[in-house]
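Trainee: Starting off with a structure, shown below.
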Amino acid sequence: MNGTPAARRSGRPASGEPVLARAFRLLGAFDRAGEALSLATLARRAGLPKSSTLRLASQLVEEGALERSEDGAYVVGLRLLEVAALAPRGHGLRSAALPHLEDLHQVTRQHVLLAVRDDDQAVLVERLSALDATPVRHRVGGRLPLGATGVGLALLAFAPAGLQEAVIASAPGDAAARRRVRQLVASVRTQGVVSVTTANPVADGPAWITTVAAPILLNRVDAVGAISLVSPTRGALVGQRLALRTTSMAIARAYAASASRGARP
């Protein structure tokens, strides 16, 4: 799991680690929708001893943050969904964006994604997909790297300069690969859209997928989110770039209008 602290060799958490931090380590151990984890797996992924895991997991079950299946495995509870739905940066933007995302989805019949930035990662807050769309691993609530994904690059282009440099400097590959990331970031700022073609990591999918993404901008500089279209092509079509740019601007206008009416959470 990204960002999960490693356990000490003794198997015990770091001395003085707050209980809340350990509880979030348990919740962060889940990385797929509907995933069920045994106590042993939950403890191993969180880097906590089984005794601590059992105690904290039992408390989380009582609060509805976790649930237990018939075989005793732990699953994410509905209480987390209820709380997460109130997140203003995700829910408010999603409400404004959804009609436009649905239009884009109906036309393309491919994956349409909506994401917001959380520090050096993009968090997916909505995904619309047709049943016959290209297989992908993206899921709502999942995190994507800023420097290696379409929505990530669209958000990175309008992130603070220090964060931009840190992400580019840590990008995988050689100096040429990092220059490429810098060029893509620059193109987002000048063209308002970016396209990235990569080998498809899903074995039963097409060999290549192309992501076209655009930032959702307020006042031309504040990226409140980003949208992307994922399709089974090797290269972006001109129409896709235009559609993403047009949709992102429509979402920005809708979001700004909701804010002016005081509807923004």
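We label chains A, B, ... in the order they appear in the structure tokens, count residues from 1 in each chain, and number ligands from 1 in the order shown.
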Name all residues at most 12 Å from Arg139 (chain A) (count only C-alpha atoms; drop same-chain ones fewer than 3 positions away) and give them as a compact mmCIF listing (two decimals) with N, CA and C atoms, in the first residue's frame.

Mentor:
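Generated file (out.txt):
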# COMPACT_ATOMS: atom_id res chain seq x y z
N ASP A 31 -7.34 -2.20 -0.72
CA ASP A 31 -6.97 -1.51 -1.95
C ASP A 31 -7.79 -1.94 -3.17
N ARG A 32 -8.85 -2.73 -2.97
CA ARG A 32 -9.74 -3.08 -4.07
C ARG A 32 -11.17 -3.06 -3.57
N ALA A 33 -12.09 -2.66 -4.46
CA ALA A 33 -13.50 -2.60 -4.09
C ALA A 33 -14.00 -3.99 -3.71
N GLY A 34 -14.71 -4.05 -2.59
CA GLY A 34 -15.29 -5.31 -2.14
C GLY A 34 -14.30 -6.29 -1.54
N HIS A 111 -14.23 4.81 -20.65
CA HIS A 111 -14.12 5.26 -19.26
C HIS A 111 -13.96 6.77 -19.20
N VAL A 112 -14.77 7.41 -18.38
CA VAL A 112 -14.66 8.85 -18.12
C VAL A 112 -14.37 9.00 -16.63
N LEU A 113 -13.28 9.67 -16.30
CA LEU A 113 -12.84 9.79 -14.92
C LEU A 113 -12.86 11.23 -14.44
N LEU A 114 -13.12 11.41 -13.15
CA LEU A 114 -13.04 12.71 -12.48
C LEU A 114 -12.16 12.55 -11.26
N ALA A 115 -11.18 13.42 -11.11
CA ALA A 115 -10.23 13.30 -9.99
C ALA A 115 -9.92 14.66 -9.40
N ALA A 122 -3.40 11.96 -7.18
CA ALA A 122 -4.75 12.27 -7.65
C ALA A 122 -5.69 11.23 -7.06
N VAL A 123 -6.84 11.67 -6.57
CA VAL A 123 -7.84 10.76 -6.00
C VAL A 123 -9.04 10.73 -6.93
N LEU A 124 -9.42 9.54 -7.37
CA LEU A 124 -10.54 9.38 -8.29
C LEU A 124 -11.85 9.50 -7.51
N VAL A 125 -12.71 10.45 -7.91
CA VAL A 125 -13.98 10.65 -7.20
C VAL A 125 -15.19 10.22 -8.02
N GLU A 126 -14.98 9.93 -9.31
CA GLU A 126 -16.08 9.41 -10.14
C GLU A 126 -15.50 8.69 -11.34
N ARG A 127 -16.20 7.64 -11.75
CA ARG A 127 -15.83 6.90 -12.96
C ARG A 127 -17.10 6.39 -13.61
N LEU A 128 -17.28 6.73 -14.88
CA LEU A 128 -18.39 6.22 -15.67
C LEU A 128 -17.82 5.26 -16.72
N SER A 129 -18.40 4.07 -16.84
CA SER A 129 -17.84 3.06 -17.74
C SER A 129 -18.95 2.27 -18.41
N PRO A 135 -10.86 -2.76 -20.36
CA PRO A 135 -10.59 -3.11 -18.95
C PRO A 135 -9.49 -2.22 -18.37
N VAL A 136 -9.75 -1.63 -17.22
CA VAL A 136 -8.76 -0.81 -16.53
C VAL A 136 -8.83 -1.11 -15.04
N GLY A 142 -9.66 5.38 -5.55
CA GLY A 142 -8.28 4.99 -5.79
C GLY A 142 -7.38 6.19 -6.00
N ARG A 143 -6.09 5.98 -5.79
CA ARG A 143 -5.10 7.05 -5.93
C ARG A 143 -4.20 6.78 -7.12
N LEU A 144 -3.86 7.85 -7.83
CA LEU A 144 -3.05 7.77 -9.03
C LEU A 144 -1.87 8.73 -8.90

Trainee: Residues at most 7 Å from region 190-193 of chain A, counting only C-alpha atoms, excluding those fewer than 5 positions away in the same chain, as JSON, numbers by chain?

Mentor: {"A": [213, 214, 215, 241, 245]}

Trainee: Between CA of Ala133 (chain A) and CA of Arg189 (chain A), what is the spacing in Å?

Mentor: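 Atom-to-atom, CA of Arg189 (chain A) to CA of Ala133 (chain A), that is 29.5 Å.
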
Trainee: For region 93-102 of chain A, please output as a PyMOL selection string all residues within 12 Å (counting only C-alpha atoms; exclusion window: fewer than 2 positions along the same chain).

Mentor: chain A and resi 85-91+104-116+124-130+140+216-218+223-229+243-259+263-265

Trainee: Would you kindly return, as JSON, numbers by chain, each protein, DNA or RNA residue with an atom no farther than 10 Å from any atom of Leu60 (chain A), considering only C-alpha atoms and excluding same-chain residues fewer than 3 positions away?

Mentor: {"A": [23, 26, 27, 54, 55, 56, 57, 63, 64, 65, 66, 67, 76, 77, 79]}

Trainee: I'd like the interatomic distance between CA of Thr233 (chain A) and CA of Leu131 (chain A), to a tenth of an Å.

Mentor: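 Here the two named atoms are 17.6 Å from each other.
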
Trainee: Could you write out, as a ChimeraX atom specification, all the residues of region 16-255 of chain A that DSSP marks as alpha helix (DSSP H)?

Mentor: /A:19-27,39-46,50-63,78-84,88-108,150-156,161-169,175-191,238-255

Trainee: Just list as a PyMOL selection string whatever in region 14-260 of chain A DSSP marks as strand (DSSP E).

Mentor: chain A and resi 66-68+74-76+111-118+121-128+143-145+194-199+208-218+222-231

Trainee: Have a look at CA of Pro201 (chain A) and CA of Arg137 (chain A) and let me know their distance in Å, one decimal.

Mentor: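 Value for the CA of Pro201 (chain A)-CA of Arg137 (chain A) distance: 8.2 Å.
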
Trainee: Write out as a list in words each polymer residue whose atoms come within 6 Å of Asn200 (chain A), counting only C-alpha atoms; drop sequence neighbours fewer than 6 positions from it.

Mentor: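 Returned residues: Ala207, Trp208 and Ile209 of chain A.
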
Trainee: Write out as a count of residues only which residues come within 12 Å of Gly147 (chain A) when counting only C-alpha atoms, dropping same-chain ones fewer than 5 positions away.

Mentor: 32
